[in-house]
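S.K.: Can you keep this structure in mind? I'll have questions shortly.
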Amino acid sequence: MSKQWRRRLAVVAVEAQYGVAPDPATATILEVVMLDAGNPYAGNTVERERMRYGFGNFEQINTGPSVERQIRVPFSGSGTAGEPPAYSPLLRACALSETIDNTVDSESVTYQPVSQGMDSVTIWWYEDGQVQEIRGARGTYEIGADAQSLPYWQFNLTGLYSRPENAPTVQGVESTIAGEVPINKQNSTFSMFGYPARLQAFSQNAGNQVEYRNLVGYEGVHITDRRVTGNITIEAPALADFNAFEKVESHQGVTLGAVALTHGTTPGNIIKAEGLQAQAANITPSDNQGIMHYGMEIRYLPTGSNDDDVKYVFT
């Protein structure tokens with residue numbers, strides 16, 4: 001019997017011990033925008049070569065099977081201030097720590113990068129009557145937030161391979177999050193280097209270096225580096241208001257400043273994505289509705305050895 005593409009679900013839980021799956025009945029069924037097919041049987045390959053008189057292919061051998069999956073979720077909060085969003089395990093699997101503050105009237109959940117002690121998750125990937133259990137998954141993420149669009153997080157995850165099995169029912173706990181709202185004047189504010197720029201497009205890429213390792217006596221997925229970057233497009237300001245060229249110049253010194261996107265107005269559905277030390281690079285002029293815009297690359301820098309390149313605060 002054929003399988004329907006739409007009948008797919010992702011269920012996720014943080015692992016207490018790396019590579020050991022928690023009870024799937026306690027895991028979270030994600031509310032997702034998109035599940036990419038990815039590669040359910042990835043890995044490096046070699047050919048089993050032999051000398052022979054004739055032409056032709058050789059057998060191909062997977063030397064370390066892994067799984068690569070992509071999950072896109074709404075850029076929105078849980079709906080309750082101080083309560084992590086349902087997709088929080090994915091944030092934690094991308095080398096972000098989670099800090100919950102339940103102080104009355106100032107409840108928040110904050111995610112910041114870490115360079116050690118990273119969490120991992122198990123993902124149960126359901127596809128119309130079958131499931132693939134993906135243990136030890138870690139990854140990287142992107143944010144997409146263009147004006148007059150619905151913003152999103154996109155997670156690119158790598159985990160340990162296991163063969164899919166029949167699954168007549170889905171295990172897990174149904175989850176809901178607040179509905180995302182569009183990026184616009186009513187819902188969003190943006191500033192760079194203290195200037196309230198008119199934002200057309202915002203993207204950010206965690207730049208985690210994700211490495212699958214398969215050695216004698218060991219198998220696992222590691223995050224070995226992080227280089228957070230992004231791109232913004234703003235309406236070109238007058239030089240007297242904000243000299244963008246002065247900010248991107250680096251031939252006589254580098255200018256660093258804060259870049260922050262705050263999205264949402266309802267408590268429980270407000271997210272602030274902030275970088276305190278950001279460098280703008282390159283200017284690409286473009287036309288948007290007959291108005292000059294500047295596109296710029298953004299590099300997010302930590303303070304010394306601190307993991308404070310970026311911060312995400314849910315309130």
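Identifiers in this document derive from the order of the structure tokens: chains are assigned A, B, ..., residues are numbered from 1 separately in each chain, and ligands are numbered from 1 in order of occurrence.
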Neighbouring residues of Gly194 of chain A were defined as those with any atom within 10 Å, considering only C-alpha atoms; residues of the same chain fewer than 2 positions away were excluded. Please report them as a list in words.

M.R.: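 Once the adjacent positions are removed, what remains is Phe190, Ser191, Met192, Pro196, Ala197, Phe242, Gly257, Ala258, Val259 and Ala260 of chain A.
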
S.K.: Return as number ranges by chain the full set of residues in segment 33-268 of chain A whose backbone-based DSSP assignment is helix (DSSP H, G or I).

M.R.: A: 88-93, 244-248

S.K.: Would you pick out the contacts of Gln154 of chain A at 6 Å or less, using only C-alpha atoms, so that residues sharing its chain but fewer than 2 positions from it are not included, and give the list as a list in words?

M.R.: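 Near neighbours after the sequence-gap exclusion: Ile71, Arg72, Tyr141 and Glu142 of chain A.
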
S.K.: How would the residues just chosen look if you wrote them out with C-alpha atoms as an mmCIF file, in the first residue's frame?

M.R.:
data_model
loop_
_atom_site.group_PDB
_atom_site.id
_atom_site.type_symbol
_atom_site.label_atom_id
_atom_site.label_comp_id
_atom_site.auth_asym_id
_atom_site.auth_seq_id
_atom_site.Cartn_x
_atom_site.Cartn_y
_atom_site.Cartn_z
ATOM 1 C CA ILE A 71 12.799 20.207 10.739
ATOM 2 C CA ARG A 72 11.238 23.673 10.387
ATOM 3 C CA TYR A 141 19.911 25.904 13.019
ATOM 4 C CA GLU A 142 18.890 28.888 10.930
#

S.K.: Separation of atom CA of Leu301 of chain A and atom CA of Ser203 of chain A, in Å?

M.R.: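 We find that atom CA of Leu301 of chain A and atom CA of Ser203 of chain A lie 16.1 Å from each other.
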
S.K.: Which residues are close to segment 125-129 of chain A, i.e. within 12 Å by only C-alpha atoms, leaving aside same-chain residues fewer than 4 positions away? Reply as an MDAnalysis selection string.

M.R.: chainID A and resid 1:13 24 28:30 35:40 67:71 133:135 159 161:172

S.K.: For those residues, write N, CA and C atoms to a file as a short mmCIF file (atom, residue, chain, number, x, y, z; two decimals), in the first residue's frame.

M.R.:
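Okay, part.cif is ready:
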data_model
loop_
_atom_site.label_atom_id
_atom_site.label_comp_id
_atom_site.auth_asym_id
_atom_site.auth_seq_id
_atom_site.Cartn_x
_atom_site.Cartn_y
_atom_site.Cartn_z
N MET A 1 0.86 -1.19 0.00
CA MET A 1 0.00 0.00 0.00
C MET A 1 0.89 1.24 0.00
N SER A 2 0.54 2.24 -0.78
CA SER A 2 1.34 3.45 -0.89
C SER A 2 1.27 4.26 0.40
N LYS A 3 2.34 5.03 0.66
CA LYS A 3 2.41 5.88 1.84
C LYS A 3 2.15 7.33 1.45
N GLN A 4 1.39 8.03 2.27
CA GLN A 4 1.05 9.41 1.99
C GLN A 4 2.13 10.34 2.56
N TRP A 5 2.57 11.27 1.74
CA TRP A 5 3.65 12.19 2.12
C TRP A 5 3.26 13.03 3.33
N ARG A 6 2.01 13.45 3.40
CA ARG A 6 1.60 14.35 4.48
C ARG A 6 1.54 13.65 5.84
N ARG A 7 1.48 12.32 5.84
CA ARG A 7 1.34 11.59 7.10
C ARG A 7 2.72 11.35 7.73
N ARG A 8 3.33 12.45 8.15
CA ARG A 8 4.65 12.39 8.76
C ARG A 8 4.66 13.23 10.03
N LEU A 9 5.35 12.76 11.04
CA LEU A 9 5.45 13.46 12.31
C LEU A 9 6.86 13.33 12.86
N ALA A 10 7.27 14.31 13.66
CA ALA A 10 8.54 14.23 14.38
C ALA A 10 8.25 14.33 15.87
N VAL A 11 8.78 13.36 16.62
CA VAL A 11 8.63 13.31 18.07
C VAL A 11 10.03 13.39 18.66
N VAL A 12 10.24 14.21 19.69
CA VAL A 12 11.60 14.47 20.16
C VAL A 12 11.65 14.52 21.68
N ALA A 13 12.79 14.09 22.23
CA ALA A 13 13.02 14.16 23.67
C ALA A 13 14.51 14.32 23.93
N PRO A 24 9.56 6.92 24.73
CA PRO A 24 8.89 7.73 23.69
C PRO A 24 7.52 8.22 24.11
N THR A 28 7.86 14.68 23.05
CA THR A 28 6.99 15.74 22.54
C THR A 28 6.74 15.57 21.05
N ILE A 29 5.47 15.54 20.67
CA ILE A 29 5.10 15.54 19.25
C ILE A 29 5.16 16.99 18.77
N LEU A 30 6.07 17.28 17.87
CA LEU A 30 6.31 18.66 17.47
C LEU A 30 5.22 19.19 16.55
N LEU A 35 8.77 19.15 7.32
CA LEU A 35 9.71 18.07 7.57
C LEU A 35 10.35 17.71 6.24
N ASP A 36 11.66 17.93 6.13
CA ASP A 36 12.34 17.56 4.91
C ASP A 36 12.66 16.08 4.92
N ALA A 37 12.68 15.47 3.74
CA ALA A 37 12.97 14.04 3.68
C ALA A 37 14.37 13.74 4.19
N GLY A 38 15.33 14.67 3.94
CA GLY A 38 16.68 14.47 4.42
C GLY A 38 17.31 13.21 3.86
N ASN A 39 18.13 12.56 4.69
CA ASN A 39 18.78 11.31 4.28
C ASN A 39 18.69 10.33 5.44
N PRO A 40 17.76 9.38 5.37
CA PRO A 40 17.60 8.42 6.46
C PRO A 40 18.70 7.38 6.54
N VAL A 67 22.13 9.46 10.14
CA VAL A 67 20.85 9.99 9.63
C VAL A 67 20.93 11.51 9.60
N GLU A 68 20.42 12.11 8.54
CA GLU A 68 20.35 13.56 8.44
C GLU A 68 18.90 13.96 8.19
N ARG A 69 18.38 14.81 9.07
CA ARG A 69 16.99 15.24 8.94
C ARG A 69 16.90 16.76 9.12
N GLN A 70 15.86 17.34 8.56
CA GLN A 70 15.63 18.78 8.64
C GLN A 70 14.20 19.03 9.13
N ILE A 71 14.10 19.89 10.15
CA ILE A 71 12.80 20.21 10.74
C ILE A 71 12.64 21.72 10.80
N GLU A 133 13.94 5.51 14.65
CA GLU A 133 14.44 6.07 15.90
C GLU A 133 15.86 6.60 15.66
N ILE A 134 16.04 7.89 15.87
CA ILE A 134 17.31 8.55 15.60
C ILE A 134 17.88 9.02 16.93
N ARG A 135 18.82 8.26 17.47
CA ARG A 135 19.39 8.59 18.78
C ARG A 135 20.64 9.47 18.62
N GLY A 159 22.06 12.27 13.40
CA GLY A 159 21.95 11.31 14.49
C GLY A 159 22.42 9.93 14.09
N TYR A 161 22.21 5.99 13.14
CA TYR A 161 21.29 5.25 12.27
C TYR A 161 20.68 4.04 12.96
N SER A 162 19.39 3.87 12.72
CA SER A 162 18.73 2.59 12.99
C SER A 162 17.70 2.38 11.88
N ARG A 163 17.45 1.15 11.56
CA ARG A 163 16.54 0.83 10.47
C ARG A 163 15.10 1.13 10.88
N PRO A 164 14.30 1.78 10.00
CA PRO A 164 12.89 2.02 10.32
C PRO A 164 12.14 0.72 10.59
N GLU A 165 11.15 0.84 11.47
CA GLU A 165 10.32 -0.30 11.84
C GLU A 165 8.85 0.06 11.69
N ASN A 166 8.00 -0.95 11.66
CA ASN A 166 6.56 -0.71 11.62
C ASN A 166 6.11 -0.02 12.90
N ALA A 167 5.18 0.92 12.76
CA ALA A 167 4.66 1.64 13.92
C ALA A 167 3.20 2.01 13.64
N PRO A 168 2.28 1.13 14.00
CA PRO A 168 0.87 1.39 13.70
C PRO A 168 0.31 2.58 14.45
N THR A 169 0.92 2.95 15.59
CA THR A 169 0.46 4.11 16.36
C THR A 169 1.63 5.03 16.66
N VAL A 170 1.33 6.30 16.90
CA VAL A 170 2.34 7.29 17.25
C VAL A 170 2.38 7.45 18.76
N GLN A 171 3.59 7.35 19.33
CA GLN A 171 3.76 7.58 20.76
C GLN A 171 4.26 9.01 20.98
N GLY A 172 3.88 9.60 22.11
CA GLY A 172 4.32 10.94 22.43
C GLY A 172 3.19 11.78 22.97
#

S.K.: Mind dumping a table of every segment 158-243 of chain A residue within 9 Å of segment 285-299 of chain A, with the nearest atom pair and its distance in Å to one decimal, using only C-alpha atoms, sorted by chain and rising number, as a tab-separated table?

M.R.:
residue	atom	partner	partner_atom	distance
A:Gln200	CA	A:His293	CA	8.4
A:Ala201	CA	A:Gly295	CA	8.7
A:Gln204	CA	A:Ile298	CA	8.5
A:Arg227	CA	A:Arg299	CA	8.0
A:Val228	CA	A:Arg299	CA	6.4
A:Thr229	CA	A:Arg299	CA	4.6
A:Gly230	CA	A:Ile298	CA	4.9
A:Asn231	CA	A:Glu297	CA	4.6
A:Ile232	CA	A:Met296	CA	5.5
A:Thr233	CA	A:Gly295	CA	4.2
A:Ile234	CA	A:Tyr294	CA	5.5
A:Glu235	CA	A:His293	CA	4.3
A:Ala236	CA	A:His293	CA	4.7
A:Pro237	CA	A:His293	CA	8.4

S.K.: Suppose we keep N, CA and C atoms; can you now write the selection as an mmCIF file, in the first residue's frame?

M.R.:
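Saved the output as part.cif:
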data_model
loop_
_atom_site.group_PDB
_atom_site.id
_atom_site.type_symbol
_atom_site.label_atom_id
_atom_site.label_comp_id
_atom_site.auth_asym_id
_atom_site.auth_seq_id
_atom_site.Cartn_x
_atom_site.Cartn_y
_atom_site.Cartn_z
ATOM 1 N N GLN A 200 13.959 44.888 6.075
ATOM 2 C CA GLN A 200 13.258 44.147 5.027
ATOM 3 C C GLN A 200 13.460 42.641 5.178
ATOM 4 N N ALA A 201 14.678 42.228 5.545
ATOM 5 C CA ALA A 201 14.973 40.792 5.652
ATOM 6 C C ALA A 201 16.020 40.554 6.725
ATOM 7 N N GLN A 204 19.719 34.319 10.104
ATOM 8 C CA GLN A 204 20.831 34.001 10.994
ATOM 9 C C GLN A 204 21.123 32.517 10.897
ATOM 10 N N ARG A 227 30.275 29.277 14.335
ATOM 11 C CA ARG A 227 30.557 30.575 13.715
ATOM 12 C C ARG A 227 29.216 31.188 13.312
ATOM 13 N N VAL A 228 28.623 31.989 14.197
ATOM 14 C CA VAL A 228 27.292 32.535 13.938
ATOM 15 C C VAL A 228 27.389 33.697 12.948
ATOM 16 N N THR A 229 26.636 33.593 11.874
ATOM 17 C CA THR A 229 26.605 34.638 10.861
ATOM 18 C C THR A 229 25.160 34.927 10.481
ATOM 19 N N GLY A 230 24.978 35.949 9.683
ATOM 20 C CA GLY A 230 23.645 36.271 9.222
ATOM 21 C C GLY A 230 23.677 37.289 8.110
ATOM 22 N N ASN A 231 22.504 37.631 7.628
ATOM 23 C CA ASN A 231 22.349 38.662 6.605
ATOM 24 C C ASN A 231 21.146 39.515 6.949
ATOM 25 N N ILE A 232 21.271 40.798 6.690
ATOM 26 C CA ILE A 232 20.138 41.698 6.863
ATOM 27 C C ILE A 232 19.999 42.557 5.614
ATOM 28 N N THR A 233 18.794 42.975 5.345
ATOM 29 C CA THR A 233 18.533 43.961 4.304
ATOM 30 C C THR A 233 17.686 45.053 4.931
ATOM 31 N N ILE A 234 18.188 46.291 4.878
ATOM 32 C CA ILE A 234 17.467 47.417 5.470
ATOM 33 C C ILE A 234 17.264 48.501 4.413
ATOM 34 N N GLU A 235 16.250 49.321 4.635
ATOM 35 C CA GLU A 235 16.082 50.487 3.782
ATOM 36 C C GLU A 235 17.294 51.396 3.981
ATOM 37 N N ALA A 236 17.904 51.844 2.881
ATOM 38 C CA ALA A 236 19.129 52.638 2.962
ATOM 39 C C ALA A 236 18.873 53.952 3.701
ATOM 40 N N PRO A 237 19.547 54.170 4.833
ATOM 41 C CA PRO A 237 19.330 55.402 5.594
ATOM 42 C C PRO A 237 20.188 56.548 5.069
#

S.K.: Looking at A:Pro182, A:Gly136, A:Pro74, A:Gly217, which one is nearest to Tyr152 of chain A, with distances taken over only C-alpha atoms?

M.R.: A:Pro74

S.K.: Which neighbours of Pro65 of chain A fall inside 8 Å, counting only C-alpha atoms, when residues of the same chain fewer than 3 positions from it are skipped, and could you give them as a list in words?

M.R.: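 What passes the distance filter is Tyr41, Ala42, Gly43, Asn44, Asn62, Leu160 and Tyr161 of chain A.
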
S.K.: Please produce a file of the residues just selected, as a CSV table (one decimal), in the first residue's frame, where the atoms kept are C-alpha atoms.

M.R.:
chain,number,residue,atom,x,y,z
A,41,TYR,CA,20.7,6.4,5.5
A,42,ALA,CA,23.6,8.8,5.2
A,43,GLY,CA,27.4,8.2,5.7
A,44,ASN,CA,30.7,8.1,4.1
A,62,ASN,CA,28.8,2.6,3.8
A,160,LEU,CA,22.8,7.6,14.8
A,161,TYR,CA,21.3,5.3,12.3
